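*Asks:* Take this structure first; my questions come after.
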Amino acid sequence: MRAIFGIILTVLLVMAAEVTFHWYAGTAATPLANRLAHAYLYRDPNNHKAYVAGLVDLVVPAIILGVALGFFGAAWPPRYLALVAVVLALSLVALFPLYSRLFPNGGEYLWSPLNGAPATNGDYVVTFMKALALCGVLTHGARLVTQHFQHPSGQLSSSISS
């Protein structure tokens, strides 16, 4: 029960931080909010990639959620961890349309490959696969590290293979 509570609390905190950041940067009229919005919406002029948006929306939350899932779910069987990792990756990608709505000027193309083009279903599928890969790998790594420190004598060969 403690593991489920820890995972739910982490998910809620990460999602609240994400929505708060996007709301502040997208709607506030302060110099800090304008700088955050400019950095967030910036695209590399050579390849049109939004590096900061990718870090803020996908990479950092997937890292946090993957590590939290591996830590709190260290005693769970891998099939449960995999299922929860899929749900967490879906929940990250499900917030993307909300993010674009919080940026009235420029947010409509946040997750599209080209400037000005709307995001397609394929863009969301690719983003989901990236989130799942990050979350899954970090879940597995955090699970192994947590199990190692819970049982440093190395007596968990049966629980790792399950």
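By order of appearance in the structure tokens: chains A, B, ..., then residues from 1 within every chain, and ligands from 1 in the order shown.
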Fewer than 3 positions away in the same chain doesn't count, so skip those; otherwise give me all residues within 10 Å of Ile64 (chain A), counting only C-alpha atoms, as a list of chain:residue names.
*Replies:*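 Listed by chain and then number, they are A:Thr10, A:Val11, A:Val14, A:Val59, A:Val60, A:Pro61, A:Val67, A:Ala68, A:Leu69, A:Leu134, A:Cys135, A:Leu138, A:Thr139.
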*Asks:* Would you mind listing what lies within 12 Å of Thr146 (chain A) as a ChimeraX atom specification, with only C-alpha atoms counted and same-chain residues fewer than 3 positions away left out?
*Replies:* /A:67-76,138-143,149-152,156,160
*Asks:* Name all residues at most 10 Å from region 34-38 of chain A (count only C-alpha atoms; drop same-chain ones fewer than 3 positions away) and give them as an MDAnalysis selection string.
*Replies:* chainID A and resid 21:22 24:31 41:43 52:53 103 105:107
*Asks:* Based on the backbone DSSP call, show me all residues of chain A assigned helix (DSSP H, G or I), as a PyMOL selection string.
*Replies:* chain A and resi 2-27+31-41+51-72+78-94+96-101+107-109+121-150+157-161
*Asks:* What's the separation between CA of Leu132 (chain A) and CA of Ala85 (chain A), in Å to one decimal place?
*Replies:* 6.6 Å
*Asks:* Could you check the closest approach to Leu98 (chain A) for each of A:Asp57, A:Phe128, A:Ala50, A:Phe5 and tell me which residue wins, using only C-alpha atoms?
*Replies:*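 For Leu98 (chain A), the nearest of the candidates is A:Asp57.
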*Asks:* Would you mind telling me which residue in A:Ile63, A:Val86, A:Met15, A:Leu58 lies nearest to Thr127 (chain A) when using only C-alpha atoms?
*Replies:*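 So, comparing all the options, the nearest one is A:Leu58.
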*Asks:* How many Å separate CA of Ala62 (chain A) from CA of Ala131 (chain A)?
*Replies:* 5.9 Å
*Asks:* Between A:Lys49, A:His148, A:Arg2, A:Lys130, which is the closest to Val93 (chain A) once you count only C-alpha atoms?
*Replies:*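 Ranked by minimum distance to Val93 (chain A), first place goes to A:Lys130.
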*Asks:* Would you compute the distance between CA of Asp123 (chain A) and CA of Leu55 (chain A)? Give it in Å to one decimal.
*Replies:*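 Between CA of Asp123 (chain A) and CA of Leu55 (chain A) the gap is 16.3 Å.
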